[in-house]
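So this one's data-v5.cif, mmCIF, C-alpha atoms (C1' of nucleotides):
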```cif
data_target
loop_
_atom_site.label_atom_id
_atom_site.label_comp_id
_atom_site.auth_asym_id
_atom_site.auth_seq_id
_atom_site.Cartn_x
_atom_site.Cartn_y
_atom_site.Cartn_z
CA MET A 1 59.95 186.35 67.25
CA LYS A 2 63.25 188.15 67.45
CA LEU A 3 64.82 189.01 70.76
CA SER A 4 68.17 190.18 69.51
CA ASP A 5 69.17 192.63 66.86
CA LYS A 6 71.33 191.07 64.22
CA SER A 7 72.48 194.23 62.53
CA ASP A 8 72.33 193.79 58.79
CA ILE A 9 75.70 193.35 57.25
CA SER A 10 76.39 194.18 53.67
CA MET A 11 77.74 191.73 51.14
CA GLN A 12 81.15 193.37 50.93
CA GLU A 13 81.35 193.80 54.65
CA SER A 14 80.83 190.10 55.26
CA VAL A 15 83.39 189.13 52.63
CA LYS A 16 85.90 191.44 54.28
CA ARG A 17 85.25 189.84 57.62
CA LEU A 18 85.70 186.36 56.30
CA GLU A 19 88.84 187.40 54.46
CA LYS A 20 90.36 188.53 57.72
CA GLU A 21 89.26 185.37 59.52
CA CYS A 22 90.61 183.13 56.81
CA SER A 23 93.98 184.79 56.54
CA ARG A 24 94.27 184.63 60.30
CA ALA A 25 93.52 180.91 60.21
CA GLY A 26 95.52 180.20 57.09
CA LEU A 27 92.50 179.26 55.03
CA LYS A 28 91.82 180.05 51.43
CA LEU A 29 88.97 182.27 50.47
CA THR A 30 86.64 180.36 48.19
CA HIS A 31 83.23 181.03 46.70
CA GLN A 32 81.74 178.24 48.74
CA ARG A 33 83.16 179.48 52.01
CA ILE A 34 81.94 183.00 51.30
CA GLU A 35 78.49 181.75 50.48
CA ILE A 36 78.28 179.61 53.61
CA TYR A 37 79.64 182.38 55.80
CA ARG A 38 77.15 184.88 54.42
CA ALA A 39 74.27 182.49 54.88
CA LEU A 40 75.23 181.96 58.49
CA LEU A 41 75.57 185.68 59.12
CA ALA A 42 72.24 186.43 57.52
CA SER A 43 70.35 183.67 59.30
CA ASP A 44 69.21 183.69 62.89
CA GLU A 45 67.72 180.23 62.88
CA HIS A 46 70.93 178.28 63.50
CA PRO A 47 70.64 176.25 60.35
CA THR A 48 71.43 172.60 59.91
CA VAL A 49 73.64 171.48 57.07
CA GLU A 50 70.54 170.50 55.16
CA MET A 51 68.91 173.92 55.57
CA LEU A 52 72.06 175.61 54.35
CA HIS A 53 72.46 173.33 51.40
CA LYS A 54 68.88 173.91 50.30
CA ARG A 55 69.40 177.65 50.55
CA PHE A 56 72.11 177.44 47.91
CA LYS A 57 69.85 175.88 45.31
CA GLU A 58 69.70 179.20 43.49
CA THR A 59 72.86 181.05 44.39
CA MET A 60 75.18 178.10 44.05
CA PRO A 61 73.41 175.03 42.74
CA ARG A 62 76.48 172.88 42.33
CA ILE A 63 77.78 173.10 45.87
CA SER A 64 77.87 169.66 47.43
CA PHE A 65 76.71 168.43 50.80
CA ASP A 66 80.17 167.40 51.82
CA THR A 67 81.59 170.82 51.12
CA VAL A 68 79.02 172.31 53.44
CA TYR A 69 79.89 169.72 56.07
CA ARG A 70 83.60 170.18 55.63
CA THR A 71 83.41 173.93 55.63
CA LEU A 72 81.41 174.01 58.84
CA VAL A 73 83.89 171.72 60.54
CA THR A 74 86.71 173.91 59.25
CA PHE A 75 84.94 177.04 60.43
CA SER A 76 84.34 175.55 63.86
CA GLU A 77 87.94 174.52 64.26
CA ALA A 78 89.11 177.95 63.17
CA GLY A 79 86.67 179.63 65.54
CA ILE A 80 84.86 181.32 62.67
CA ALA A 81 81.56 179.59 63.36
CA ARG A 82 80.40 177.55 66.30
CA ARG A 83 78.37 174.43 66.58
CA VAL A 84 75.32 175.11 68.69
CA TYR A 85 74.51 172.93 71.69
CA THR A 86 71.40 170.90 71.07
CA SER A 87 69.99 167.69 72.40
CA ASP A 88 69.19 166.87 68.82
CA SER A 89 71.30 164.65 66.62
CA GLN A 90 71.49 167.04 63.70
CA ALA A 91 74.29 169.57 63.90
CA ARG A 92 73.36 173.26 63.87
CA TYR A 93 75.70 176.19 63.40
CA GLU A 94 75.93 179.91 63.92
CA VAL A 95 78.33 182.79 63.51
CA GLU A 96 78.18 184.70 66.72
CA SER A 97 78.50 188.28 65.50
CA VAL A 98 76.93 189.54 68.71
CA ARG A 99 77.38 187.84 72.07
CA HIS A 100 74.10 186.13 72.93
CA HIS A 101 72.37 183.14 74.47
CA HIS A 102 69.68 180.72 73.40
CA LEU A 103 66.04 180.04 74.01
CA VAL A 104 65.17 176.50 73.03
CA CYS A 105 61.61 175.38 72.42
CA SER A 106 61.11 171.82 73.55
CA LYS A 107 58.09 171.44 71.27
CA CYS A 108 59.27 172.65 67.87
CA GLY A 109 62.99 172.60 68.53
CA SER A 110 63.50 176.19 67.41
CA ILE A 111 66.48 178.08 68.76
CA THR A 112 66.04 181.80 69.34
CA ASP A 113 68.84 184.22 70.08
CA PHE A 114 68.55 186.16 73.28
CA ILE A 115 70.57 188.97 74.83
CA PRO A 116 69.97 189.30 78.57
CA ALA A 117 70.21 192.62 80.36
CA GLU A 118 73.30 191.33 82.11
CA ASP A 119 75.59 188.71 80.78
CA PRO A 120 76.15 185.86 83.26
CA GLU A 121 79.44 185.88 85.14
CA THR A 122 81.63 182.86 85.50
CA PRO A 123 80.32 181.24 88.70
CA ALA A 124 82.67 181.05 91.64
CA GLY A 125 84.22 177.65 92.15
CA VAL A 126 84.76 176.89 88.49
CA GLU A 127 88.48 177.61 88.78
CA LYS A 128 88.73 174.37 90.76
CA TRP A 129 87.73 172.57 87.58
CA GLY A 130 89.71 174.47 84.97
CA ASP A 131 89.82 177.58 82.81
CA ALA A 132 86.41 178.78 81.74
CA SER A 133 86.35 180.48 78.38
CA ARG A 134 82.66 181.06 78.05
CA VAL A 135 79.41 180.88 79.96
CA CYS A 136 76.33 179.92 77.99
CA LEU A 137 72.78 180.31 79.13
CA VAL A 138 70.25 177.90 77.68
CA VAL A 139 66.64 178.62 78.52
CA GLU A 140 64.35 175.70 77.86
CA GLY A 141 60.64 176.15 77.49
CA VAL A 142 57.77 176.36 75.06
CA CYS A 143 57.60 179.27 72.64
CA HIS A 144 54.39 181.22 72.07
CA ASP A 145 53.98 179.80 68.58
CA CYS A 146 53.77 176.33 70.04
CA SER A 147 51.64 177.10 73.08
CA ALA A 148 49.19 178.98 70.85
CA GLY A 149 49.07 176.48 68.02
CA MET B 1 87.18 166.15 89.75
CA LYS B 2 83.85 166.32 91.48
CA LEU B 3 82.10 169.61 92.07
CA SER B 4 78.77 168.30 93.20
CA ASP B 5 77.77 165.75 95.74
CA LYS B 6 75.81 162.94 94.28
CA SER B 7 74.62 161.36 97.50
CA ASP B 8 74.94 157.65 97.28
CA ILE B 9 71.66 155.93 96.78
CA SER B 10 71.07 152.36 97.80
CA MET B 11 69.95 149.68 95.43
CA GLN B 12 66.50 149.38 96.93
CA GLU B 13 66.10 153.12 97.16
CA SER B 14 66.74 153.54 93.46
CA VAL B 15 64.35 150.77 92.53
CA LYS B 16 61.68 152.43 94.64
CA ARG B 17 62.24 155.70 92.90
CA LEU B 18 61.99 154.16 89.48
CA GLU B 19 58.92 152.24 90.51
CA LYS B 20 57.22 155.50 91.38
CA GLU B 21 58.33 157.16 88.18
CA CYS B 22 57.20 154.27 86.05
CA SER B 23 53.79 153.93 87.58
CA ARG B 24 53.35 157.67 87.19
CA ALA B 25 54.27 157.44 83.53
CA GLY B 26 52.41 154.19 82.91
CA LEU B 27 55.56 152.23 82.23
CA LYS B 28 56.35 148.71 83.25
CA LEU B 29 59.16 147.98 85.64
CA THR B 30 61.65 145.72 83.94
CA HIS B 31 65.09 144.42 84.80
CA GLN B 32 66.60 146.37 81.95
CA ARG B 33 65.01 149.62 82.98
CA ILE B 34 66.11 149.16 86.56
CA GLU B 35 69.64 148.42 85.48
CA ILE B 36 69.79 151.43 83.19
CA TYR B 37 68.24 153.69 85.78
CA ARG B 38 70.69 152.57 88.43
CA ALA B 39 73.63 153.03 86.12
CA LEU B 40 72.52 156.57 85.35
CA LEU B 41 72.01 157.38 89.02
CA ALA B 42 75.38 155.96 89.99
CA SER B 43 77.28 157.66 87.21
CA ASP B 44 78.26 161.27 87.07
CA GLU B 45 79.91 161.16 83.67
CA HIS B 46 76.76 161.52 81.56
CA PRO B 47 77.28 158.27 79.74
CA THR B 48 76.65 157.60 76.10
CA VAL B 49 74.62 154.60 75.03
CA GLU B 50 77.83 152.81 74.28
CA MET B 51 79.29 153.46 77.74
CA LEU B 52 76.13 152.21 79.38
CA HIS B 53 75.95 149.11 77.24
CA LYS B 54 79.56 148.22 78.04
CA ARG B 55 78.88 148.64 81.72
CA PHE B 56 76.27 145.89 81.57
CA LYS B 57 78.71 143.30 80.26
CA GLU B 58 78.79 141.67 83.68
CA THR B 59 75.53 142.52 85.35
CA MET B 60 73.33 141.95 82.33
CA PRO B 61 75.28 140.54 79.42
CA ARG B 62 72.34 139.89 77.17
CA ILE B 63 70.89 143.38 77.13
CA SER B 64 70.90 144.75 73.61
CA PHE B 65 71.94 148.11 72.27
CA ASP B 66 68.47 148.93 71.03
CA THR B 67 66.97 148.33 74.42
CA VAL B 68 69.37 150.85 75.89
CA TYR B 69 68.46 153.28 73.12
CA ARG B 70 64.74 152.71 73.46
CA THR B 71 64.82 152.91 77.21
CA LEU B 72 66.67 156.19 77.17
CA VAL B 73 64.21 157.67 74.70
CA THR B 74 61.37 156.38 76.85
CA PHE B 75 62.95 157.81 79.98
CA SER B 76 63.47 161.17 78.32
CA GLU B 77 59.89 161.36 77.15
CA ALA B 78 58.66 160.40 80.59
CA GLY B 79 60.92 162.96 82.23
CA ILE B 80 62.77 160.26 84.14
CA ALA B 81 66.10 161.00 82.50
CA ARG B 82 67.24 163.86 80.33
CA ARG B 83 69.36 164.05 77.27
CA VAL B 84 72.30 166.33 77.95
CA TYR B 85 73.09 169.22 75.63
CA THR B 86 76.29 168.60 73.76
CA SER B 87 77.80 169.80 70.53
CA ASP B 88 78.76 166.22 69.98
CA SER B 89 76.86 163.83 67.77
CA GLN B 90 76.67 161.07 70.33
CA ALA B 91 73.75 161.28 72.72
CA ARG B 92 74.53 161.49 76.44
CA TYR B 93 72.11 161.09 79.30
CA GLU B 94 71.70 161.80 82.99
CA VAL B 95 69.19 161.45 85.78
CA GLU B 96 69.13 164.78 87.52
CA SER B 97 68.72 163.76 91.15
CA VAL B 98 70.09 167.12 92.25
CA ARG B 99 69.58 170.35 90.35
CA HIS B 100 72.89 171.24 88.73
CA HIS B 101 74.67 172.67 85.72
CA HIS B 102 77.49 171.56 83.48
CA LEU B 103 81.15 172.28 82.90
CA VAL B 104 82.20 171.12 79.47
CA CYS B 105 85.81 170.59 78.53
CA SER B 106 86.42 171.52 74.92
CA LYS B 107 89.53 169.35 74.80
CA CYS B 108 88.45 165.98 76.16
CA GLY B 109 84.69 166.49 75.94
CA SER B 110 84.08 165.56 79.55
CA ILE B 111 80.98 166.91 81.24
CA THR B 112 81.23 167.72 84.92
CA ASP B 113 78.31 168.49 87.20
CA PHE B 114 78.42 171.80 88.96
CA ILE B 115 76.24 173.45 91.57
CA PRO B 116 76.67 177.23 91.68
CA ALA B 117 76.20 179.21 94.87
CA GLU B 118 73.12 180.75 93.36
CA ASP B 119 70.97 179.16 90.74
CA PRO B 120 70.45 181.42 87.72
CA GLU B 121 67.09 183.17 87.50
CA THR B 122 65.01 183.26 84.38
CA PRO B 123 66.28 186.39 82.62
CA ALA B 124 63.82 189.23 82.17
CA GLY B 125 62.36 189.46 78.68
CA VAL B 126 62.01 185.73 78.14
CA GLU B 127 58.25 185.91 78.70
CA LYS B 128 58.06 187.68 75.31
CA TRP B 129 59.26 184.46 73.76
CA GLY B 130 57.30 181.88 75.74
CA ASP B 131 57.16 179.92 78.98
CA ALA B 132 60.55 179.07 80.37
CA SER B 133 60.66 175.82 82.28
CA ARG B 134 64.35 175.68 83.01
CA VAL B 135 67.52 177.70 82.85
CA CYS B 136 70.71 175.82 82.14
CA LEU B 137 74.20 177.10 82.60
CA VAL B 138 76.88 175.63 80.37
CA VAL B 139 80.41 176.65 81.17
CA GLU B 140 82.85 175.91 78.40
CA GLY B 141 86.54 175.74 79.00
CA VAL B 142 89.49 173.42 79.49
CA CYS B 143 89.64 171.20 82.55
CA HIS B 144 92.78 170.89 84.65
CA ASP B 145 93.38 167.33 83.47
CA CYS B 146 93.67 168.60 79.92
CA SER B 147 95.68 171.75 80.58
CA ALA B 148 98.12 169.75 82.70
CA GLY B 149 98.52 166.81 80.35
"C1'" DC C 1 103.45 176.31 40.34
"C1'" DT C 2 102.06 174.06 44.69
"C1'" DA C 3 99.18 173.34 48.31
"C1'" DT C 4 94.51 173.58 49.48
"C1'" DG C 5 89.79 173.00 48.61
"C1'" DT C 6 85.93 170.86 45.93
"C1'" DG C 7 82.79 167.36 43.91
"C1'" DC C 8 81.54 162.74 43.54
"C1'" DA C 9 80.56 158.37 45.30
"C1'" DA C 10 80.93 155.13 48.67
"C1'" DA C 11 81.68 153.86 53.31
"C1'" DG C 12 81.06 154.68 58.37
"C1'" DC C 13 78.63 154.92 62.47
"C1'" DG C 14 75.09 156.16 65.73
"C1'" DT C 15 70.30 155.48 65.94
"C1'" DT C 16 65.65 153.73 64.73
"C1'" DT C 17 62.29 150.28 63.34
"C1'" DG C 18 59.62 145.81 62.17
"C1'" DC C 19 58.76 141.57 63.90
"C1'" DG C 20 58.36 137.52 66.67
"C1'" DA C 21 59.28 135.96 71.39
"C1'" DC C 22 59.19 137.09 76.23
"C1'" DG C 23 57.58 138.83 80.64
"C1'" DG C 24 55.22 142.12 83.93
"C1'" DT C 25 50.65 143.20 85.80
"C1'" DA D 1 45.86 136.18 79.18
"C1'" DC D 2 46.97 140.70 77.43
"C1'" DC D 3 49.65 144.39 76.27
"C1'" DG D 4 53.93 146.42 76.75
"C1'" DT D 5 58.84 145.39 76.24
"C1'" DC D 6 62.96 143.00 74.55
"C1'" DG D 7 66.35 140.96 71.32
"C1'" DC D 8 67.69 140.42 66.73
"C1'" DA D 9 68.77 142.06 62.35
"C1'" DA D 10 68.13 145.05 58.86
"C1'" DA D 11 67.23 149.76 57.43
"C1'" DC D 12 67.89 154.65 57.89
"C1'" DG D 13 69.95 159.18 57.96
"C1'" DC D 14 73.52 162.17 59.12
"C1'" DT D 15 78.31 162.62 58.62
"C1'" DT D 16 82.98 161.44 57.03
"C1'" DT D 17 86.49 159.87 53.80
"C1'" DG D 18 89.43 158.63 49.47
"C1'" DC D 19 90.44 160.10 45.21
"C1'" DA D 20 90.89 162.96 40.96
"C1'" DC D 21 90.16 167.52 39.36
"C1'" DA D 22 89.86 172.55 40.02
"C1'" DT D 23 91.37 176.71 42.16
"C1'" DA D 24 93.50 180.21 45.34
"C1'" DG D 25 97.74 182.31 46.73
#
```
Before we go any further, please render this structure as structure tokens.
Amino acid sequence: MKLSDKSDISMQESVKRLEKECSRAGLKLTHQRIEIYRALLASDEHPTVEMLHKRFKETMPRISFDTVYRTLVTFSEAGIARRVYTSDSQARYEVESVRHHHLVCSKCGSITDFIPAEDPETPAGVEKWGDASRVCLVVEGVCHDCSAG
Amino acid sequence: MKLSDKSDISMQESVKRLEKECSRAGLKLTHQRIEIYRALLASDEHPTVEMLHKRFKETMPRISFDTVYRTLVTFSEAGIARRVYTSDSQARYEVESVRHHHLVCSKCGSITDFIPAEDPETPAGVEKWGDASRVCLVVEGVCHDCSAG
DNA sequence: CTATGTGCAAAGCGTTTGCGACGGT
DNA sequence: ACCGTCGCAAACGCTTTGCACATAG
């Protein structure tokens, strides 16, 4: 099931993007970072560190777990990737190339991207609390795969 | 900062509520569960297990960490409490006595309850994915306490 | 050439589990 | 009295860290 179009991005294109992001953030461009960035761009399943690491078995067999961890933390801090909200203990990440929201299946735990017809506005009254930078919609429910079996 | 009114609930009232919930779910009513339930009802800071456990130092000094853990898992499964979505690794819980949403401060990590003028509707198109049971709004930003200093 | 990033291994910390004792129904 | 629950301690799994080497700028 795919409810958002993640336009395919070429290899070179993604490297260019990351190059820009890294120079902006003062980070070096390394093979590992490129590989992780590309994997995140290409994936729409909001991978865990483990999923990512497995995916590199072929393309980059010697990359270590801690590099994946460290890179994701680095990316998050630099605003290149974001850690996805879950009520799970395992961290999951995404690169938000297109503004979107999430559908979360309470059975299988899958997270599906979703682009609503209208993006939610910042609700009135929030200014009493502070400066809102972002409004996220999280729709909980059971996906068809799970309700079917 | 308080953006929602958590009407104060008396001791007996909360025990009654839990009693109902437990009998519905086939759970026994124990001192520990009552204490944890009350603490969740009384608190609006979406406590972690650690925060809860500390809070019992006086009222119930011999309660163990694992009981707090187990009880919260039990409560979640029974729909008595819910685990709050965070991009943090530590689990946080709440009893949602009033339907509300969350303001999350990206600096201090605080979670503040928030009741918008209008509750968000299930966005059109979600039925293609599955059955939505709940729409959560998460507003990210920086709270006044943090922007002030 | 220098500062940053990586790999390795080991530690850290939140969370879960097995088991015997306890307590609600 | 019976079955669920609790407390204890030990295990578990995800994540982080210290250090020496490699690499980008």
Once chain B is superposed on chain A with a least-squares fit on all C-alpha pairs taken in order, can you show it as a CSV table (one decimal) with C-alpha atoms, keeping the file's coordinate frame?
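Result file is result.csv:
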```
chain,number,residue,atom,x,y,z
B,1,MET,CA,60.0,186.3,67.2
B,2,LYS,CA,63.3,188.2,67.4
B,3,LEU,CA,64.9,189.0,70.7
B,4,SER,CA,68.2,190.2,69.5
B,5,ASP,CA,69.2,192.6,66.9
B,6,LYS,CA,71.3,191.1,64.2
B,7,SER,CA,72.5,194.3,62.5
B,8,ASP,CA,72.3,193.8,58.8
B,9,ILE,CA,75.7,193.4,57.2
B,10,SER,CA,76.4,194.2,53.6
B,11,MET,CA,77.7,191.7,51.2
B,12,GLN,CA,81.1,193.3,50.9
B,13,GLU,CA,81.3,193.8,54.6
B,14,SER,CA,80.8,190.1,55.3
B,15,VAL,CA,83.4,189.1,52.6
B,16,LYS,CA,85.9,191.4,54.3
B,17,ARG,CA,85.2,189.9,57.6
B,18,LEU,CA,85.7,186.4,56.3
B,19,GLU,CA,88.8,187.4,54.4
B,20,LYS,CA,90.3,188.5,57.7
B,21,GLU,CA,89.3,185.4,59.5
B,22,CYS,CA,90.6,183.1,56.8
B,23,SER,CA,94.0,184.8,56.5
B,24,ARG,CA,94.3,184.6,60.3
B,25,ALA,CA,93.5,180.9,60.2
B,26,GLY,CA,95.5,180.2,57.1
B,27,LEU,CA,92.5,179.3,55.1
B,28,LYS,CA,91.8,180.1,51.5
B,29,LEU,CA,88.9,182.3,50.5
B,30,THR,CA,86.6,180.4,48.2
B,31,HIS,CA,83.2,181.0,46.7
B,32,GLN,CA,81.7,178.2,48.8
B,33,ARG,CA,83.1,179.5,52.0
B,34,ILE,CA,81.9,183.0,51.3
B,35,GLU,CA,78.5,181.7,50.5
B,36,ILE,CA,78.3,179.6,53.6
B,37,TYR,CA,79.6,182.4,55.8
B,38,ARG,CA,77.1,184.9,54.4
B,39,ALA,CA,74.3,182.5,54.9
B,40,LEU,CA,75.2,182.0,58.5
B,41,LEU,CA,75.6,185.7,59.1
B,42,ALA,CA,72.2,186.4,57.5
B,43,SER,CA,70.4,183.7,59.3
B,44,ASP,CA,69.2,183.7,62.9
B,45,GLU,CA,67.7,180.2,62.9
B,46,HIS,CA,70.9,178.3,63.5
B,47,PRO,CA,70.6,176.3,60.4
B,48,THR,CA,71.4,172.6,59.9
B,49,VAL,CA,73.6,171.5,57.1
B,50,GLU,CA,70.5,170.5,55.2
B,51,MET,CA,68.9,173.9,55.6
B,52,LEU,CA,72.1,175.6,54.4
B,53,HIS,CA,72.4,173.3,51.4
B,54,LYS,CA,68.9,173.9,50.3
B,55,ARG,CA,69.4,177.6,50.6
B,56,PHE,CA,72.1,177.4,47.9
B,57,LYS,CA,69.8,175.9,45.3
B,58,GLU,CA,69.7,179.2,43.5
B,59,THR,CA,72.8,181.0,44.4
B,60,MET,CA,75.2,178.1,44.1
B,61,PRO,CA,73.4,175.0,42.8
B,62,ARG,CA,76.4,172.8,42.4
B,63,ILE,CA,77.7,173.1,45.9
B,64,SER,CA,77.8,169.6,47.5
B,65,PHE,CA,76.7,168.4,50.9
B,66,ASP,CA,80.2,167.4,51.9
B,67,THR,CA,81.6,170.8,51.2
B,68,VAL,CA,79.0,172.3,53.5
B,69,TYR,CA,79.9,169.7,56.1
B,70,ARG,CA,83.6,170.2,55.7
B,71,THR,CA,83.4,173.9,55.7
B,72,LEU,CA,81.4,174.0,58.9
B,73,VAL,CA,83.9,171.7,60.6
B,74,THR,CA,86.7,173.9,59.3
B,75,PHE,CA,84.9,177.1,60.5
B,76,SER,CA,84.3,175.6,63.9
B,77,GLU,CA,88.0,174.6,64.3
B,78,ALA,CA,89.1,178.0,63.2
B,79,GLY,CA,86.7,179.7,65.5
B,80,ILE,CA,84.9,181.4,62.7
B,81,ALA,CA,81.6,179.6,63.4
B,82,ARG,CA,80.4,177.6,66.3
B,83,ARG,CA,78.4,174.4,66.6
B,84,VAL,CA,75.3,175.1,68.7
B,85,TYR,CA,74.5,173.0,71.7
B,86,THR,CA,71.4,170.9,71.1
B,87,SER,CA,70.0,167.7,72.4
B,88,ASP,CA,69.2,166.9,68.8
B,89,SER,CA,71.3,164.7,66.6
B,90,GLN,CA,71.5,167.1,63.7
B,91,ALA,CA,74.3,169.6,63.9
B,92,ARG,CA,73.4,173.3,63.9
B,93,TYR,CA,75.7,176.2,63.4
B,94,GLU,CA,75.9,179.9,63.9
B,95,VAL,CA,78.3,182.8,63.5
B,96,GLU,CA,78.2,184.7,66.7
B,97,SER,CA,78.5,188.3,65.5
B,98,VAL,CA,76.9,189.5,68.7
B,99,ARG,CA,77.4,187.8,72.1
B,100,HIS,CA,74.1,186.1,72.9
B,101,HIS,CA,72.4,183.2,74.5
B,102,HIS,CA,69.7,180.7,73.4
B,103,LEU,CA,66.0,180.0,74.0
B,104,VAL,CA,65.2,176.5,73.0
B,105,CYS,CA,61.6,175.4,72.4
B,106,SER,CA,61.1,171.8,73.5
B,107,LYS,CA,58.1,171.5,71.2
B,108,CYS,CA,59.3,172.7,67.8
B,109,GLY,CA,63.0,172.6,68.5
B,110,SER,CA,63.5,176.2,67.4
B,111,ILE,CA,66.5,178.1,68.7
B,112,THR,CA,66.1,181.8,69.3
B,113,ASP,CA,68.9,184.2,70.1
B,114,PHE,CA,68.6,186.2,73.3
B,115,ILE,CA,70.6,189.0,74.8
B,116,PRO,CA,70.0,189.3,78.6
B,117,ALA,CA,70.2,192.6,80.4
B,118,GLU,CA,73.3,191.3,82.1
B,119,ASP,CA,75.6,188.7,80.8
B,120,PRO,CA,76.2,185.8,83.3
B,121,GLU,CA,79.4,185.8,85.1
B,122,THR,CA,81.6,182.8,85.5
B,123,PRO,CA,80.3,181.2,88.7
B,124,ALA,CA,82.7,181.0,91.6
B,125,GLY,CA,84.2,177.6,92.1
B,126,VAL,CA,84.8,176.9,88.5
B,127,GLU,CA,88.5,177.6,88.8
B,128,LYS,CA,88.7,174.3,90.7
B,129,TRP,CA,87.7,172.5,87.6
B,130,GLY,CA,89.7,174.4,84.9
B,131,ASP,CA,89.8,177.6,82.8
B,132,ALA,CA,86.4,178.8,81.7
B,133,SER,CA,86.4,180.5,78.4
B,134,ARG,CA,82.7,181.0,78.0
B,135,VAL,CA,79.4,180.9,79.9
B,136,CYS,CA,76.3,179.9,78.0
B,137,LEU,CA,72.8,180.3,79.1
B,138,VAL,CA,70.3,177.9,77.6
B,139,VAL,CA,66.7,178.6,78.5
B,140,GLU,CA,64.4,175.7,77.8
B,141,GLY,CA,60.7,176.1,77.4
B,142,VAL,CA,57.8,176.4,75.0
B,143,CYS,CA,57.6,179.3,72.6
B,144,HIS,CA,54.4,181.2,72.0
B,145,ASP,CA,54.0,179.8,68.5
B,146,CYS,CA,53.8,176.4,70.0
B,147,SER,CA,51.7,177.1,73.0
B,148,ALA,CA,49.2,179.0,70.8
B,149,GLY,CA,49.0,176.5,68.0
```
Using the chain letters and numbers from the file, which residues does the PyMOL selection byres ((chain A and resi 130-145) around 6) grab, as a PyMOL selection string?
(chain A and resi 101-106+127-129+146-149) or (chain B and resi 129-144)
Here atom CA of Leu52 of chain B and atom CA of Thr48 of chain A stand apart by 28.6 Å
Evaluate the PyMOL selection byres ((chain A and resi 33) around 9) against this structure - the residues, as a PDB file with C-alpha atoms, in the coordinates of the input, please.
```
ATOM      1  CA  LEU A  18      85.700 186.360  56.300  1.00  0.00           C
ATOM      2  CA  LYS A  28      91.820 180.050  51.430  1.00  0.00           C
ATOM      3  CA  LEU A  29      88.970 182.270  50.470  1.00  0.00           C
ATOM      4  CA  THR A  30      86.640 180.360  48.190  1.00  0.00           C
ATOM      5  CA  HIS A  31      83.230 181.030  46.700  1.00  0.00           C
ATOM      6  CA  GLN A  32      81.740 178.240  48.740  1.00  0.00           C
ATOM      7  CA  ILE A  34      81.940 183.000  51.300  1.00  0.00           C
ATOM      8  CA  GLU A  35      78.490 181.750  50.480  1.00  0.00           C
ATOM      9  CA  ILE A  36      78.280 179.610  53.610  1.00  0.00           C
ATOM     10  CA  TYR A  37      79.640 182.380  55.800  1.00  0.00           C
ATOM     11  CA  ARG A  38      77.150 184.880  54.420  1.00  0.00           C
ATOM     12  CA  THR A  67      81.590 170.820  51.120  1.00  0.00           C
ATOM     13  CA  VAL A  68      79.020 172.310  53.440  1.00  0.00           C
ATOM     14  CA  THR A  71      83.410 173.930  55.630  1.00  0.00           C
ATOM     15  CA  LEU A  72      81.410 174.010  58.840  1.00  0.00           C
ATOM     16  CA  PHE A  75      84.940 177.040  60.430  1.00  0.00           C
TER      17      PHE A  75
END
```
For chain B, the closest of A:Val84, A:Leu40, A:Met11, A:Ala25 counting all atoms listed in the file is A:Val84
Find the spatial neighbours of DA3 of chain C, counting all atoms listed in the file, within a cut-off of 12 Å - ignore same-chain residues fewer than 4 positions away - and output them as a list in words.
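Result of the neighbour search: Gly26, Leu27 and Lys28 of chain A; DT23, DA24 and DG25 of chain D.
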Writing out the chosen residues with C-alpha atoms (C1' of nucleotides) as a PDB file, in the frame of the given file:
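Output contents, as saved in selection.pdb:
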```
ATOM      1  CA  GLY A  26      95.520 180.200  57.090  1.00  0.00           C
ATOM      2  CA  LEU A  27      92.500 179.260  55.030  1.00  0.00           C
ATOM      3  CA  LYS A  28      91.820 180.050  51.430  1.00  0.00           C
TER       4      LYS A  28
ATOM      5  C1'  DT D  23      91.370 176.710  42.160  1.00  0.00           C
ATOM      6  C1'  DA D  24      93.500 180.210  45.340  1.00  0.00           C
ATOM      7  C1'  DG D  25      97.740 182.310  46.730  1.00  0.00           C
TER       8       DG D  25
END
```
Separating atom CA of Leu41 of chain B from atom CA of Val95 of chain B, to the nearest tenth of an Å, is a gap of 5.9 Å
Here's the selection I'm unsure about, the PyMOL selection byres ((chain C) within 12 of (chain A)); applied to the file above, which residues does it give, as a short mmCIF file (atom, residue, chain, number, x, y, z; two decimals) with C-alpha atoms (C1' of nucleotides), in the coordinates of the input?
```cif
data_model
loop_
_atom_site.label_atom_id
_atom_site.label_comp_id
_atom_site.auth_asym_id
_atom_site.auth_seq_id
_atom_site.Cartn_x
_atom_site.Cartn_y
_atom_site.Cartn_z
"C1'" DA C 3 99.18 173.34 48.31
"C1'" DT C 4 94.51 173.58 49.48
"C1'" DG C 5 89.79 173.00 48.61
"C1'" DT C 6 85.93 170.86 45.93
"C1'" DG C 7 82.79 167.36 43.91
"C1'" DC C 8 81.54 162.74 43.54
"C1'" DA C 9 80.56 158.37 45.30
"C1'" DG C 14 75.09 156.16 65.73
"C1'" DT C 15 70.30 155.48 65.94
#
```
Please measure the separation of atom CA of Ser110 of chain A and atom CA of Asp119 of chain B, giving the value in Å to one decimal.
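One can read the atom CA of Ser110 of chain A to atom CA of Asp119 of chain B distance as 24.7 Å.
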Output as JSON the centre and edge lengths (Å, one decimal) of the box along x, y and z of the file that holds every listed atom of segment 14-25 of chain D after adding 3 Å on each side.
```
{"center_x": 85.6, "center_y": 170.5, "center_z": 49.2, "size_x": 30.2, "size_y": 29.7, "size_z": 25.8}
```
Output the contact residues of chain D with respect to chain B at a cut-off of 8 Å, based on all atoms listed in the file, as a PyMOL selection string.
chain D and resi 4+6-7
